Amino acid sequence: MALVDAILTHENADLDALASLAAAKKLYPNAVALLPRRLNRNVSAFLTLYGEPFTFTPQEQAPRRKFKRVLLVDTQTLPSARGLSDAPQVHIVDHHPLSRPLDERTTYSGGETGATTTLLVETLREKNLPLTRLEATLLALGIYEDTGSFTYSGATPRDLQAVAYLMEQGASLDLIGEFLHQPLAAEQRALYYQLLKRVETHEIGGQIIVIAAVRVETYVEEISTLAHQLMQVYDPAALFLLVQMGSQIELVARSKSENIDVAEIARAFGGGGHATAAAALIHSRGLKTQHKKLLALLQDKVRSARTVQDIMSYGVHVLAPDLSIAQAAELARRWGHEGFPVAKKKKLVGVLTRREIDRALHHKLQKLPVARFMLDPLSVTPDDSVEHLQRVMTRHSLGQVPVVQDGTIVGIVTRTDLLKLYTDETRPARNAEFAARLERALPRDLLALVQNAAHTARALGYSTYLVGGFVRDLLIGEANLDLDLVVEGDAIQLAHALAKQYGGRVHAHARFGTAKWLLEEKALHLDFATARTEFYEYPTALPDVERSSIKLDLHRRDFTINAMALCLDPERYGALFDPYGGEQDLMRGLIRVLHNLSFIEDPTRILRAVRFEQRFGFHIEPRTVQLIDDTRNLLSQVSGQRVRHELDLLFNEQEPERALMRLQALGVLPHLHPALQADNWLAEKFRALRESHAPTPLLYLGVLAYRLRTSEARALSKRLKLTNDENEILVQVVTLRLLERQLNNPQLAPSRVVELLERFDDAALAVFAIATDSAQAQTFVDRYRAEWRQVHAELNGNDLKALGLTPGPAFREILSALRAQRLDGLLETRKQEEAFALAWRQSEQDK
């Protein structure tokens, strides 16, 4: 609004209202800033002591002219005020969302901030308007009060930034503390004790809601202060106070649950606010009637809370009661658990925590059974609310609680699950977004197969997830139809159930809990794996594999960007499970290991880290680089087959030379073989190989080994466990390099070139043609492969016998000589060959 005649705010003005009034007056110095008739106690106290520099105008002193253009701050309802015209133009500035339709004479600007003052401070800062120390202090007071000193859930980074700016302008923290922490007045204390006596606790939608309804004879200010204190005492999901004062009832509501929108409730009583704080002034004497209306509204409007089923893990590890404490301690170390359910015949009989294990070990009682130390069988059900779970964990000091359904343990839920839930709640749900991406990425037949598998799994009580590289590529928009499905349950049983229902065959590996479901008539298949965890007995060893949950299944993976899962359960379809921040690392272009022991457990992950870094144009983050530096020597202990497998994957990348040069820079390549080197020469040769061939891993390896000595090439072959044929090719590549000087002679006859090259495998020749720096040698090799090796004498043994030559070893010499003559262009016809053969016989006879 370009011109403003008057600035107004709501009655019972709090510090945010007063600060908004002051900030707006700073922006519109010619407007009249009208003080409300009723002010909160701390607002009155502030104005009494420090109000003189502010040009606020009391209502009774308002000028008699008509206000046609009004700025309304911290409220959306125009109060009655002296001087207002009948239909003024109104612009609203409020941090609450717009709660009503606007007429053509009313506009609105607002934002999701904790205080209206924040919105106006942002404008002051943008216009670079100077503030006095007292002005900055009042504006900061307004933000501090309305955000509960940044403890209310509605507080935002914008509020913090506004206060930081005000601090730079000289805002006084001492003065802020003085007016924020004032003691309750006598009438407030009396009302507070009345409210305490009338508190009712209701559980609605799995959430605890506190309601208190009282009558008082005299008007009491700042009931919102009492609401804040009661929230601290009872810690409910939401609080509602109904206070009848004469012919009016004041409703004050607070919420810390996303499932209870108190503004929606307040609007039903003619009030408003935002989702976490709202109020209403009800013109009624019927306290009981309004109380009943409130309860009915809550039953109707409160959304169901998040349940244990939303965050629990399946595939729980349980202990038998007769297991020894020593065995339990070993399992806790192996799986990284802080506790276990204790079960007998699948029935929960107790809970053993790490605390009890440690106490038993401290007293040297490791041989005693778990049953002697387990706690009572505490549990929750899948349908219990998360709030109920929190109460169980807090009351009994448990970090993990078994989930029991129909008397059977079906999963477990941990503190980590809760923390992940609250981390996720800071971001909007994106299930629909990921579901849409999935449906665009998969062909229709394959998508239907995946969805059928998920429905069948749920019928069995299992959850299914797409995991790993497919999820990573889905998020960055890369095509990938290599699907890995992880089942929280029995993957083999699921595959057989699908085959029974839809047909097809199943190939299963019971040892690894994996299965392939094949529908050959559709040329489709799905690969299933039971969610599992891995335990490494010693560094570089192959892992022991055990059944587990999706959370632990992801924990065994290499990097955060590969440790994400997309839920396929119908009720959670498209939910991204990202416990290690993989999506954020994708956005930031980082390769990060999940934990500090990652490369110790599997040093081949070093090669993978570099491969992914170069494929996506990412960077290995600094801590992971340090871990590579600490553990690269362990690569020498890894089996040759595993190193060869990783190298083959690297050679299958579009530009493998980039990864090899990065391995060189990280000091990793010498740990594969000390003589290997990756430099600009190698990069140039790799590019030349791609331009002239369809390169294979063996050809790339040949170029990499080209500059080795024969003994080094044999050692590399042995290290990588190459086959005899592959070993021979590498040795031949090195041998060809040693012939380069001879082949560099342009006067060399073609027959001599053939004599030098014909004993070499074509793969070795292809590598040499690329790797040699001699253009002449390359020309000779190319002509040999394209022409000369196809050249043969026209005569054969039978022809020689027909000419009267006696069969014997001389036949081979004659035929070789004929071929050499043909290659060198000395013989061109059959007759010339016959004459050469007869001359040969004559010369032999003359001897």
# chains A, B, ... in the order shown; residues from 1 in each chain; ligands from 1

$ residues_around --residues "stretch 515-521 of chain A" --least-positions-apart "6" --cutoff "6 Å" --atoms "only C-alpha atoms" --output "tab-separated table (two decimals) with C-alpha atoms, in the first residue's frame"
chain	number	residue	atom	x	y	z
A	492	ILE	CA	11.81	-67.00	-1.12
A	495	ALA	CA	8.58	-65.50	-4.80
A	504	GLY	CA	6.22	-68.50	-13.75
A	505	ARG	CA	9.20	-70.21	-12.16
A	506	VAL	CA	11.35	-69.50	-9.11
A	507	HIS	CA	15.10	-69.89	-8.72
A	508	ALA	CA	15.99	-69.62	-5.03
A	527	ASP	CA	14.96	-60.37	-8.08
A	528	PHE	CA	14.08	-60.54	-4.39

$ residues_around --residues "stretch 640-647 of chain A" --least-positions-apart "6" --cutoff "9 Å" --atoms "only C-alpha atoms" --output "list in words"
Thr604, Arg605, Leu607, Arg608, Leu672, Pro697, Leu701, Lys718, Arg719, Leu720, Lys721 and Leu722 of chain A

$ atom_distance --atom1 "atom CA of A:Arg841" --atom2 "atom CA of A:Thr829"
18.8 Å

$ residues_around --residues "A:Ala497" --least-positions-apart "2" --cutoff "12 Å" --atoms "only C-alpha atoms" --output "MDAnalysis selection string"
chainID A and resid 452:460 490:495 499:506 515 517

$ select_by_dssp --residues "stretch 16-240 of chain A" --states "strand (DSSP E)" --output "PyMOL selection string"
chain A and resi 32-34+56-57+67-73+84-94+106-110+200-204+207-216+238-240

$ closest_residue --among "A:Ala279, A:Val262, A:Leu331, A:Leu230" --to "A:Arg303" --atoms "only C-alpha atoms"
A:Val262

$ residues_around --residues "stretch 91-98 of chain A" --least-positions-apart "2" --cutoff "7 Å" --atoms "only C-alpha atoms" --output "JSON list (two decimals) with N, CA and C atoms, in the first residue's frame"
[["chain", "number", "residue", "atom", "x", "y", "z"],
["A", 1, "MET", "N", 0.86, -1.18, 0.00],
["A", 1, "MET", "CA", 0.00, 0.00, 0.00],
["A", 1, "MET", "C", 0.89, 1.23, 0.00],
["A", 70, "VAL", "N", -6.15, 1.97, 5.48],
["A", 70, "VAL", "CA", -5.75, 1.42, 6.79],
["A", 70, "VAL", "C", -4.79, 0.25, 6.61],
["A", 71, "LEU", "N", -3.72, 0.25, 7.40],
["A", 71, "LEU", "CA", -2.81, -0.89, 7.47],
["A", 71, "LEU", "C", -3.12, -1.64, 8.76],
["A", 72, "LEU", "N", -3.47, -2.91, 8.63],
["A", 72, "LEU", "CA", -3.87, -3.74, 9.77],
["A", 72, "LEU", "C", -2.76, -4.74, 10.05],
["A", 73, "VAL", "N", -2.19, -4.70, 11.26],
["A", 73, "VAL", "CA", -1.04, -5.56, 11.56],
["A", 73, "VAL", "C", -1.37, -6.55, 12.68],
["A", 74, "ASP", "N", -0.87, -7.78, 12.53],
["A", 74, "ASP", "CA", -0.99, -8.86, 13.51],
["A", 74, "ASP", "C", -2.43, -9.26, 13.79],
["A", 75, "THR", "N", -3.32, -8.95, 12.89],
["A", 75, "THR", "CA", -4.71, -9.39, 12.99],
["A", 75, "THR", "C", -5.32, -9.31, 11.59],
["A", 76, "GLN", "N", -6.42, -10.04, 11.40],
["A", 76, "GLN", "CA", -7.12, -10.01, 10.12],
["A", 76, "GLN", "C", -8.54, -9.48, 10.27],
["A", 89, "GLN", "N", -10.11, 1.26, 2.54],
["A", 89, "GLN", "CA", -9.22, 0.29, 1.90],
["A", 89, "GLN", "C", -8.31, -0.27, 3.00],
["A", 100, "ARG", "N", -9.89, -16.06, 5.82],
["A", 100, "ARG", "CA", -11.21, -15.76, 5.28],
["A", 100, "ARG", "C", -11.08, -15.17, 3.88],
["A", 106, "THR", "N", -9.88, -5.14, 0.20],
["A", 106, "THR", "CA", -8.94, -5.66, 1.19],
["A", 106, "THR", "C", -7.86, -6.49, 0.51],
["A", 107, "THR", "N", -6.62, -6.25, 0.89],
["A", 107, "THR", "CA", -5.49, -7.06, 0.39],
["A", 107, "THR", "C", -4.74, -7.65, 1.59],
["A", 108, "TYR", "N", -3.89, -8.60, 1.27],
["A", 108, "TYR", "CA", -3.19, -9.33, 2.36],
["A", 108, "TYR", "C", -1.76, -9.64, 1.93],
["A", 109, "SER", "N", -0.83, -9.52, 2.85],
["A", 109, "SER", "CA", 0.52, -10.05, 2.66],
["A", 109, "SER", "C", 0.95, -10.67, 3.98],
["A", 110, "GLY", "N", 1.55, -11.80, 3.88],
["A", 110, "GLY", "CA", 1.95, -12.50, 5.11],
["A", 110, "GLY", "C", 2.96, -13.56, 4.77],
["A", 111, "GLY", "N", 3.27, -14.34, 5.72],
["A", 111, "GLY", "CA", 4.24, -15.40, 5.50],
["A", 111, "GLY", "C", 4.28, -16.34, 6.69],
["A", 112, "GLU", "N", 4.87, -17.49, 6.46],
["A", 112, "GLU", "CA", 4.97, -18.48, 7.52],
["A", 112, "GLU", "C", 6.14, -18.12, 8.43],
["A", 113, "THR", "N", 5.93, -17.12, 9.27],
["A", 113, "THR", "CA", 6.92, -16.74, 10.26],
["A", 113, "THR", "C", 6.32, -16.88, 11.65],
["A", 114, "GLY", "N", 7.16, -16.80, 12.66],
["A", 114, "GLY", "CA", 6.66, -16.94, 14.03],
["A", 114, "GLY", "C", 6.06, -15.68, 14.58],
["A", 115, "ALA", "N", 6.34, -14.53, 13.94],
["A", 115, "ALA", "CA", 5.84, -13.25, 14.44],
["A", 115, "ALA", "C", 5.60, -12.31, 13.26],
["A", 116, "THR", "N", 4.58, -11.46, 13.41],
["A", 116, "THR", "CA", 4.31, -10.47, 12.37],
["A", 116, "THR", "C", 5.44, -9.44, 12.30],
["A", 273, "GLY", "N", -6.02, -17.86, 14.01],
["A", 273, "GLY", "CA", -4.65, -18.04, 14.46],
["A", 273, "GLY", "C", -3.90, -18.88, 13.46],
["A", 274, "HIS", "N", -2.94, -19.63, 13.95],
["A", 274, "HIS", "CA", -2.24, -20.57, 13.08],
["A", 274, "HIS", "C", -2.27, -21.96, 13.69]]

$ atom_distance --atom1 "atom CA of A:Tyr28" --atom2 "atom CA of A:Val4"
6.8 Å

$ closest_atom_pairs --of "stretch 435-469 of chain A" --to "stretch 393-416 of chain A" --cutoff "12 Å" --atoms "only C-alpha atoms" --output "CSV"
residue,atom,partner,partner_atom,distance
A:Leu460,CA,A:Val410,CA,12.0
A:Gly461,CA,A:Val410,CA,8.9
A:Tyr462,CA,A:Val410,CA,9.8
A:Ser463,CA,A:Gly411,CA,11.5
